[in-house]
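Text of model-v1.txt, listed as compact mmCIF, C-alpha atoms and all ligand atoms:
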# COMPACT_ATOMS: atom_id res chain seq x y z
CA MET Y 15 107.79 111.78 116.81
CA THR Y 16 105.07 109.14 116.79
CA THR Y 17 103.63 106.74 114.25
CA ALA Y 18 99.97 106.66 113.25
CA ALA Y 19 99.49 104.06 115.99
CA GLY Y 20 100.84 106.61 118.40
CA GLU Y 21 104.08 104.77 119.08
CA ASP Y 22 107.20 106.88 119.17
CA LEU Y 23 110.08 106.10 116.86
CA ALA Y 24 111.67 103.93 119.52
CA GLY Y 25 108.53 101.75 119.36
CA ARG Y 26 107.40 102.77 122.84
CA ALA Y 27 103.68 102.52 123.48
CA PRO Y 28 101.65 105.74 123.55
CA ARG Y 29 101.40 107.40 126.92
CA THR Y 30 97.91 108.81 126.48
CA PRO Y 31 94.41 107.75 125.35
CA ALA Y 32 93.59 107.45 121.63
CA ILE Y 33 90.93 110.12 121.96
CA ALA Y 34 90.25 112.69 124.67
CA ALA Y 35 87.33 111.47 126.76
CA VAL Y 36 86.23 115.07 127.04
CA ALA Y 37 84.92 117.42 124.34
CA TYR Y 38 84.12 121.12 124.15
CA HIS Y 39 80.47 121.12 123.17
CA ASP Y 40 77.69 123.70 123.39
CA GLY Y 41 79.69 126.17 125.44
CA GLY Y 42 81.39 123.87 127.94
CA PHE Y 43 83.48 120.76 128.53
CA VAL Y 44 81.44 117.56 128.63
CA PRO Y 45 82.27 113.85 128.55
CA LEU Y 46 82.82 112.87 124.91
CA ARG Y 47 80.04 110.26 125.18
CA ASP Y 48 77.57 113.11 125.86
CA ALA Y 49 78.67 115.28 122.92
CA HIS Y 50 75.85 114.44 120.51
CA VAL Y 51 73.84 116.30 117.87
CA PRO Y 52 70.24 115.53 116.88
CA VAL Y 53 69.58 113.99 113.45
CA SER Y 54 67.68 117.16 112.55
CA THR Y 55 70.96 119.15 112.69
CA GLN Y 56 71.03 121.44 109.66
CA ALA Y 57 74.74 120.86 109.01
CA LEU Y 58 74.11 117.12 108.83
CA GLN Y 59 71.38 117.66 106.26
CA TYR Y 60 73.07 120.32 104.12
CA GLY Y 61 76.81 120.30 104.87
CA THR Y 62 76.64 123.75 106.46
CA GLY Y 63 79.56 123.47 108.82
CA VAL Y 64 83.12 124.75 108.84
CA PHE Y 65 86.07 123.07 110.46
CA GLU Y 66 89.79 123.06 111.11
CA GLY Y 67 92.48 120.47 111.61
CA ILE Y 68 95.20 121.52 114.02
CA ARG Y 69 98.17 119.58 115.34
CA ALA Y 70 99.85 119.72 118.72
CA TYR Y 71 103.39 118.34 118.89
CA VAL Y 72 105.57 116.98 121.65
CA GLN Y 73 108.42 119.46 122.02
CA ARG Y 74 111.91 117.95 121.86
CA SER Y 75 113.38 120.03 124.65
CA THR Y 76 110.60 119.73 127.23
CA GLY Y 77 108.57 116.64 126.25
CA THR Y 78 105.41 118.75 126.64
CA LEU Y 79 102.79 119.57 123.99
CA SER Y 80 102.56 122.79 121.99
CA VAL Y 81 99.83 123.59 119.49
CA PHE Y 82 101.23 124.57 116.08
CA ARG Y 83 99.96 127.81 114.51
CA ALA Y 84 96.74 127.70 116.53
CA ARG Y 85 96.10 131.39 115.97
CA GLU Y 86 96.24 131.10 112.18
CA HIS Y 87 93.95 128.06 112.22
CA PHE Y 88 91.34 129.85 114.30
CA GLU Y 89 91.60 132.99 112.20
CA ARG Y 90 90.81 130.80 109.19
CA LEU Y 91 87.96 129.10 111.08
CA LEU Y 92 86.40 132.49 111.77
CA ARG Y 93 86.85 133.54 108.11
CA SER Y 94 85.24 130.26 106.97
CA ALA Y 95 82.42 130.81 109.47
CA ARG Y 96 81.64 134.25 108.07
CA MET Y 97 81.07 132.61 104.69
CA LEU Y 98 78.16 130.63 106.20
CA ARG Y 99 76.87 133.40 108.49
CA LEU Y 100 78.01 131.30 111.43
CA ASP Y 101 78.64 132.97 114.75
CA VAL Y 102 81.28 130.82 116.45
CA GLY Y 103 80.68 132.72 119.70
CA LEU Y 104 84.38 132.83 120.67
CA ASP Y 105 87.28 134.92 119.42
CA VAL Y 106 90.69 133.59 118.41
CA ARG Y 107 92.17 133.91 121.91
CA GLN Y 108 89.21 132.14 123.50
CA LEU Y 109 89.41 129.37 120.89
CA CYS Y 110 93.11 128.93 121.69
CA ASP Y 111 92.24 128.73 125.40
CA VAL Y 112 89.53 126.13 124.73
CA THR Y 113 92.09 124.06 122.80
CA THR Y 114 94.80 124.06 125.46
CA GLU Y 115 92.20 123.39 128.16
CA LEU Y 116 90.78 120.48 126.13
CA LEU Y 117 94.24 118.94 125.77
CA ARG Y 118 94.87 119.38 129.49
CA ARG Y 119 91.51 117.92 130.53
CA GLY Y 120 91.83 115.11 127.97
CA GLY Y 121 95.21 114.15 129.40
CA LEU Y 122 96.72 114.13 125.91
CA THR Y 123 100.49 114.42 125.98
CA ASP Y 124 101.46 112.58 122.77
CA ASP Y 125 101.22 114.17 119.30
CA THR Y 126 97.59 115.17 118.92
CA TYR Y 127 95.10 116.36 116.32
CA VAL Y 128 92.46 118.91 117.28
CA ARG Y 129 89.22 119.14 115.29
CA PRO Y 130 87.05 122.23 115.87
CA LEU Y 131 83.72 122.16 114.03
CA ALA Y 132 81.29 125.09 113.89
CA TYR Y 133 77.95 124.27 112.36
CA LYS Y 134 74.34 125.20 111.72
CA ARG Y 135 72.22 123.41 114.27
CA ALA Y 136 68.46 124.06 114.54
CA LEU Y 137 65.75 126.20 112.98
CA MET Y 138 64.85 129.17 115.16
CA PRO Y 139 61.17 129.61 116.00
CA GLY Y 140 59.39 131.05 112.96
CA THR Y 141 62.00 129.79 110.45
CA PRO Y 142 60.38 127.53 107.85
CA PRO Y 143 62.18 124.26 107.04
CA GLY Y 144 64.56 124.52 104.10
CA VAL Y 145 68.11 125.12 103.08
CA GLN Y 146 69.06 128.54 104.40
CA LEU Y 147 71.74 130.23 106.44
CA ARG Y 148 69.64 132.75 108.37
CA GLY Y 149 67.22 131.78 111.10
CA VAL Y 150 69.30 128.77 112.13
CA THR Y 151 71.20 128.45 115.42
CA ASP Y 152 74.98 128.04 115.46
CA ALA Y 153 77.03 125.57 117.47
CA LEU Y 154 80.67 124.71 118.13
CA SER Y 155 82.26 121.41 119.11
CA VAL Y 156 85.94 120.62 119.55
CA ILE Y 157 87.42 117.16 119.95
CA ALA Y 158 91.03 115.98 120.15
CA PHE Y 159 92.68 112.66 119.43
CA ARG Y 160 96.16 111.20 119.41
CA MET Y 161 97.74 111.28 115.97
CA GLY Y 162 101.31 110.65 114.97
CA SER Y 163 102.83 111.31 111.55
CA TYR Y 164 101.06 109.26 108.92
CA GLY Y 165 102.36 110.71 105.65
CA ASN Y 166 104.60 108.23 103.85
CA ARG Y 167 108.02 109.83 104.14
CA GLY Y 168 109.35 107.62 101.36
CA GLY Y 169 106.92 109.16 98.87
CA ILE Y 170 103.40 108.56 97.63
CA ARG Y 171 101.75 107.96 94.25
CA CYS Y 172 99.14 110.48 93.12
CA ALA Y 173 96.47 110.28 90.44
CA ILE Y 174 95.28 113.30 88.48
CA SER Y 175 91.62 113.23 89.38
CA SER Y 176 88.84 113.26 86.82
CA TRP Y 177 86.92 115.27 89.42
CA ARG Y 178 87.64 118.97 88.96
CA ARG Y 179 87.99 121.32 91.91
CA PRO Y 180 84.94 123.60 91.92
CA ALA Y 181 85.56 127.25 91.10
CA SER Y 182 85.02 129.80 93.84
CA SER Y 183 81.99 130.96 91.87
CA VAL Y 184 80.50 127.51 92.66
CA LEU Y 185 81.67 126.94 96.24
CA PRO Y 186 83.77 129.06 98.61
CA VAL Y 187 86.81 126.77 98.19
CA ARG Y 188 89.00 129.06 100.28
CA ALA Y 189 86.86 128.20 103.29
CA LYS Y 190 86.91 124.79 104.99
CA VAL Y 191 83.22 124.04 104.50
CA THR Y 192 82.16 120.50 105.42
CA GLY Y 193 79.79 120.08 102.45
CA GLY Y 194 82.54 120.98 99.99
CA TYR Y 195 84.51 117.90 101.06
CA VAL Y 196 82.23 115.65 98.99
CA ASN Y 197 84.44 116.75 96.08
CA ASN Y 198 87.59 115.72 97.98
CA ALA Y 199 86.06 112.40 99.07
CA LEU Y 200 85.07 111.51 95.49
CA ALA Y 201 88.58 112.31 94.27
CA VAL Y 202 90.19 110.17 97.00
CA ASP Y 203 87.77 107.33 96.34
CA GLU Y 204 88.58 107.36 92.62
CA ALA Y 205 92.35 107.52 93.31
CA HIS Y 206 92.21 104.63 95.78
CA ALA Y 207 90.13 102.52 93.39
CA ALA Y 208 92.88 102.99 90.79
CA GLY Y 209 95.58 101.99 93.30
CA TYR Y 210 96.94 105.49 94.05
CA ASP Y 211 97.50 107.02 97.48
CA ASP Y 212 95.98 110.43 96.81
CA ALA Y 213 94.57 112.64 94.06
CA ILE Y 214 95.68 115.97 92.60
CA LEU Y 215 92.74 118.01 91.36
CA LEU Y 216 92.76 120.44 88.43
CA ASN Y 217 90.48 123.45 88.09
CA ASP Y 218 88.11 124.05 85.19
CA ALA Y 219 90.96 125.59 83.18
CA GLY Y 220 93.01 122.41 83.62
CA ARG Y 221 95.51 123.99 86.05
CA VAL Y 222 96.73 122.32 89.21
CA THR Y 223 94.85 123.34 92.35
CA GLU Y 224 95.67 121.02 95.26
CA ALA Y 225 95.54 117.44 96.47
CA SER Y 226 92.60 116.02 98.45
CA THR Y 227 93.59 117.59 101.76
CA SER Y 228 96.91 119.25 101.06
CA ASN Y 229 98.56 121.85 98.85
CA VAL Y 230 101.00 121.06 96.04
CA PHE Y 231 104.56 122.30 95.52
CA ALA Y 232 106.87 121.50 92.61
CA VAL Y 233 110.57 122.06 92.08
CA VAL Y 234 110.89 123.13 88.45
CA ARG Y 235 114.45 123.64 87.20
CA GLY Y 236 115.60 124.83 90.63
CA ARG Y 237 112.56 127.05 91.30
CA LEU Y 238 110.10 126.27 94.08
CA VAL Y 239 106.60 126.79 92.68
CA THR Y 240 103.13 126.48 94.18
CA PRO Y 241 99.81 127.41 92.54
CA PRO Y 242 98.32 130.79 93.50
CA VAL Y 243 95.20 131.02 95.65
CA ALA Y 244 93.36 132.24 92.54
CA ALA Y 245 93.74 128.74 91.05
CA GLY Y 246 90.96 127.79 93.53
CA LEU Y 247 92.57 126.21 96.55
CA LEU Y 248 92.52 126.31 100.31
CA GLU Y 249 95.26 128.66 101.47
CA GLY Y 250 97.03 126.11 103.63
CA ILE Y 251 98.78 127.07 106.82
CA THR Y 252 101.41 124.41 106.14
CA ARG Y 253 101.82 125.93 102.65
CA ASP Y 254 102.59 129.25 104.33
CA THR Y 255 104.94 127.54 106.80
CA VAL Y 256 106.85 125.91 103.93
CA VAL Y 257 107.08 129.23 102.06
CA ARG Y 258 108.59 130.78 105.20
CA LEU Y 259 110.98 127.88 105.83
CA ALA Y 260 112.15 127.92 102.21
CA ALA Y 261 112.73 131.70 102.55
CA ASP Y 262 114.77 131.02 105.71
CA ALA Y 263 116.94 128.76 103.53
CA GLY Y 264 117.30 131.55 100.94
CA LEU Y 265 114.85 130.07 98.45
CA PRO Y 266 111.90 132.26 97.41
CA THR Y 267 108.64 130.57 96.41
CA GLU Y 268 106.95 131.45 93.13
CA PHE Y 269 103.16 131.54 93.15
CA ALA Y 270 102.45 130.50 89.59
CA ASP Y 271 99.96 128.35 87.75
CA LEU Y 272 101.11 124.80 87.15
CA GLU Y 273 99.85 122.66 84.32
CA ARG Y 274 99.62 118.91 84.64
CA ASP Y 275 102.72 118.54 82.44
CA ASP Y 276 104.70 120.90 84.71
CA LEU Y 277 104.21 118.25 87.39
CA PHE Y 278 105.25 115.48 85.01
CA ALA Y 279 108.44 117.41 84.16
CA ALA Y 280 109.21 118.58 87.72
CA ASP Y 281 112.34 117.44 89.55
CA GLU Y 282 110.45 117.20 92.86
CA VAL Y 283 106.81 117.39 93.92
CA PHE Y 284 105.52 117.38 97.47
CA LEU Y 285 102.27 117.96 99.33
CA THR Y 286 101.75 120.06 102.44
CA GLY Y 287 98.97 119.91 105.01
CA THR Y 288 98.49 119.92 108.74
CA GLY Y 289 97.57 116.24 108.81
CA ALA Y 290 99.94 115.04 106.09
CA GLU Y 291 102.76 117.48 107.07
CA ILE Y 292 105.21 117.38 104.10
CA VAL Y 293 104.82 114.33 101.89
CA PRO Y 294 107.02 113.65 98.86
CA VAL Y 295 105.24 112.59 95.67
CA THR Y 296 107.33 110.12 93.72
CA GLU Y 297 104.81 109.19 91.03
CA ILE Y 298 101.99 111.09 89.31
CA ALA Y 299 99.51 109.39 86.99
CA GLY Y 300 101.88 106.51 86.33
CA ARG Y 301 104.94 108.69 85.66
CA ALA Y 302 107.96 108.92 87.94
CA VAL Y 303 108.61 112.33 89.45
CA GLY Y 304 112.29 113.16 88.98
CA ALA Y 305 114.30 110.14 90.06
CA ALA Y 306 111.24 108.63 91.85
CA THR Y 307 112.96 109.20 95.19
CA VAL Y 308 112.62 111.89 97.83
CA GLY Y 309 114.30 114.97 96.35
CA PRO Y 310 116.96 117.00 98.17
CA LEU Y 311 114.84 120.12 98.66
CA THR Y 312 111.83 118.10 99.85
CA SER Y 313 114.01 116.28 102.32
CA ARG Y 314 115.52 119.51 103.62
CA LEU Y 315 112.10 121.11 104.08
CA MET Y 316 110.76 117.99 105.82
CA GLU Y 317 113.59 118.24 108.33
CA ALA Y 318 113.15 121.99 108.81
CA TYR Y 319 109.42 121.43 109.33
CA GLN Y 320 109.96 118.85 112.06
CA ASP Y 321 112.52 121.10 113.76
CA THR Y 322 110.01 123.95 113.68
CA VAL Y 323 106.93 122.10 114.94
CA ARG Y 324 108.99 120.46 117.71
CA GLY Y 325 110.34 123.77 119.01
CA ASP Y 326 113.93 123.50 117.77
CA ASP Y 327 113.85 126.62 115.59
CA PRO Y 328 113.86 129.75 117.78
CA ARG Y 329 113.00 131.91 114.74
CA HIS Y 330 109.48 130.51 114.81
CA ALA Y 331 108.86 130.05 118.51
CA ASP Y 332 105.81 132.33 118.21
CA TRP Y 333 104.07 129.66 116.08
CA LEU Y 334 103.91 127.36 119.12
CA LEU Y 335 101.28 127.64 121.81
CA PRO Y 336 102.39 125.66 124.88
CA VAL Y 337 99.85 123.51 126.74
CA ARG Y 338 100.78 124.29 130.32
C1 LIG S 401 91.42 120.89 100.68
C2 LIG S 401 92.61 121.17 101.52
N1 LIG S 401 93.65 121.80 100.96
C3 LIG S 401 94.77 122.08 101.68
C4 LIG S 401 94.86 121.73 103.01
C5 LIG S 401 96.09 122.08 103.78
O1 LIG S 401 95.82 123.11 104.70
P1 LIG S 401 96.62 123.26 106.04
O2 LIG S 401 98.05 123.28 105.67
O3 LIG S 401 96.16 124.55 106.59
O4 LIG S 401 96.27 122.10 106.89
C6 LIG S 401 93.80 121.07 103.62
C7 LIG S 401 93.86 120.69 105.03
O5 LIG S 401 93.40 121.42 105.88
C8 LIG S 401 92.64 120.80 102.87
O6 LIG S 401 91.61 120.17 103.43
Please lay out the structure from this file as structure tokens.
Ligand SMILES: Cc1ncc(COP(=O)(O)O)c(C=O)c1O
Amino acid sequence: MTTAAGEDLAGRAPRTPAIAAVAYHDGGFVPLRDAHVPVSTQALQYGTGVFEGIRAYVQRSTGTLSVFRAREHFERLLRSARMLRLDVGLDVRQLCDVTTELLRRGGLTDDTYVRPLAYKRALMPGTPPGVQLRGVTDALSVIAFRMGSYGNRGGIRCAISSWRRPASSVLPVRAKVTGGYVNNALAVDEAHAAGYDDAILLNDAGRVTEASTSNVFAVVRGRLVTPPVAAGLLEGITRDTVVRLAADAGLPTEFADLERDDLFAADEVFLTGTGAEIVPVTEIAGRAVGAATVGPLTSRLMEAYQDTVRGDDPRHADWLLPVR
């Protein structure tokens, strides 16, 4: 396990560079300093890109890196890409190969974050300028950087954002579209300005959707509940992992709408996301959640999650893609 600074828990310095000096860009591996896009890039102008955030973890038994649920992340990337008529040019297996090769070439052997980005690049000859999805070339870049756990394991404080999560009739919120993250950024900015760590966003009907870059779970009178995809949220891969780990422990998850006051009355609330992992929420909008400490179920799932991502749970070995 490493800290955000990349140190391991024993305080040892990171073994590898902060960012891979190599990137996958325009169909090949190039030095990171050469991986540029022109200012005319359509995705820069209109937010027409799709992306993923994937983690690779040092395995406890071998000390080597494995990418966690790479296949599911790339399946989602390709689904997001279809939304924008983006041709990523590689299938899931090829994207997994690019990732492991990038980590190898980048010499990254500490906990790492991988960021694939597929985007609309340039107008094809004959395409008039304007905001459109057809007649524009597609591109793919992948970078990787060292990233330890950064979620506050002692619990965070969340605001209920005044920014609503857009409905899927407004934006394809189930896809990770770069432009859509303006909504998330505004919610985080507002939460930080009010002294909170993160924001929970409601939908237009006032139901809980998700936090800025993670999904929400609540323990309500012994039941584990998370909002359904129809509430208008990104179907998180960590959300799915937690559902599976809770099932392993004999606890089914209910997919049910949560109102703001369900969160206020919950015994435990936690967030899940690839970057954040599992983060307890101990305060929401100025109210303590449960006993304002990390709850027993949250703590158990946090432990199970670390065991899983670090290769100590043989039931889920197929979620790990080794970097050989
Ligand atoms: C808006 C949003 N919701 C939820 C998540 C959690 O998804 P995952 O667990 O797949 O990382 C993320 C992060 O990718 C996100 O950006």
Exercise for review: Fewer than 6 positions away in the same chain doesn't count, so skip those; otherwise give me all residues within 9 Å of Ser175 in chain Y, counting all atoms listed in the file, as a ChimeraX atom specification.
Suggested key: /Y:201-202,204-205,213-216
Practice item. Choose the residue, out of Y:Leu315, Y:Arg171, Y:Arg338, Y:Leu147, that has the smallest atom-to-atom separation from Ala261 in chain Y; count only C-alpha atoms. Key: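 Among the listed residues, the smallest separation from Ala261 in chain Y belongs to Y:Leu315.
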Dump as CSV the rows for residues of chain Y within 6 Å of ligand LIG 401 (chain S): closest atom pair and distance in Å with one decimal, all atoms listed in the file counted, ordered by chain and rising residue number.
residue,atom,partner,partner_atom,distance
Y:Gly67,CA,S:LIG401,O5,5.9
Y:Ser226,CA,S:LIG401,C1,5.5
Y:Thr227,CA,S:LIG401,C8,3.5
Y:Ser228,CA,S:LIG401,C3,3.6
Y:Asn229,CA,S:LIG401,C3,4.7
Y:Leu248,CA,S:LIG401,N1,4.7
Y:Gly250,CA,S:LIG401,O1,3.4
Y:Ile251,CA,S:LIG401,O3,3.6
Y:Thr252,CA,S:LIG401,O2,3.6
Y:Arg253,CA,S:LIG401,O2,5.5
Y:Thr286,CA,S:LIG401,O2,5.9
Y:Gly287,CA,S:LIG401,O2,3.6
Y:Thr288,CA,S:LIG401,O4,3.6
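Atom pair CA of Tyr210 in chain Y / CA of Asn197 in chain Y has a distance of 16.9 Å (rounded to one decimal).
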Give me the residues within 9 Å of Gly169 in chain Y as a compact mmCIF listing (two decimals) with C-alpha atoms, keeping the file's coordinate frame, counting only C-alpha atoms and dropping any in the same chain fewer than 5 places off.
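Just written: selection-v6.txt:
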# COMPACT_ATOMS: atom_id res chain seq x y z
CA PHE Y 284 105.52 117.38 97.47
CA VAL Y 293 104.82 114.33 101.89
CA PRO Y 294 107.02 113.65 98.86
CA VAL Y 295 105.24 112.59 95.67
CA THR Y 296 107.33 110.12 93.72
CA GLU Y 297 104.81 109.19 91.03
CA ALA Y 306 111.24 108.63 91.85
CA THR Y 307 112.96 109.20 95.19
CA VAL Y 308 112.62 111.89 97.83
Check your understanding: Interatomic distance between CA of Asp211 in chain Y and CA of Gly165 in chain Y?
Key ->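 We find that CA of Asp211 in chain Y and CA of Gly165 in chain Y lie 10.2 Å from each other.
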Exercise for review: Can you work out the spacing between CA of Gln320 in chain Y and CA of Thr223 in chain Y in Å, to one decimal?
Suggested key: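 We find that CA of Gln320 in chain Y and CA of Thr223 in chain Y lie 25.2 Å from each other.
Nearest-residue note for Ser183 in chain Y: choosing from Y:Gln73, Y:Ala208, Y:Gly149, Y:Ala244, the minimum distance belongs to Y:Ala244, counting all atoms listed in the file.
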Mind dumping a table of every range 116-169 of chain Y residue within 10 Å of range 56-59 of chain Y, with the nearest atom pair and its distance in Å to one decimal, using all atoms listed in the file, sorted by chain and rising number, as a tab-separated table?
residue	atom	partner	partner_atom	distance
Y:Ala132	CA	Y:Ala57	CA	9.2
Y:Tyr133	CA	Y:Ala57	CA	5.8
Y:Lys134	CA	Y:Ala57	CA	5.1
Y:Arg135	CA	Y:Gln56	CA	5.2
Y:Ala136	CA	Y:Gln56	CA	6.1
Y:Leu137	CA	Y:Gln56	CA	7.8
Y:Pro143	CA	Y:Gln56	CA	9.7
Y:Gly144	CA	Y:Gln56	CA	9.1
Y:Val145	CA	Y:Gln56	CA	8.1
Y:Gln146	CA	Y:Gln56	CA	9.1
Y:Leu147	CA	Y:Gln56	CA	9.4
Y:Val150	CA	Y:Gln56	CA	7.9
Y:Thr151	CA	Y:Gln56	CA	9.1
Y:Asp152	CA	Y:Gln56	CA	9.6
Y:Ala153	CA	Y:Ala57	CA	9.9
Exercise for review: Find the residue from Y:Arg178, Y:Arg258, Y:Arg274, Y:Lys190 that sits nearest to Ala232 in chain Y; use all atoms listed in the file when measuring.
Suggested key: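 Closest to Ala232 in chain Y of all the choices is Y:Arg274.
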Kindly compute an axis-aligned box around the listed atoms of range 57-61 of chain Y, allowing 6 Å on each side, and express its centre and edge lengths in Å to one decimal as JSON.
{"center_x": 74.1, "center_y": 119.0, "center_z": 106.6, "size_x": 17.4, "size_y": 15.7, "size_z": 16.9}
Check your understanding: If we count only C-alpha atoms, what is near Glu89 in chain Y at a cut-off of 9 Å, once residues fewer than 5 positions away on the same chain are taken out, given as JSON, numbers by chain?
Key -> {"Y": [84, 94, 105, 106]}
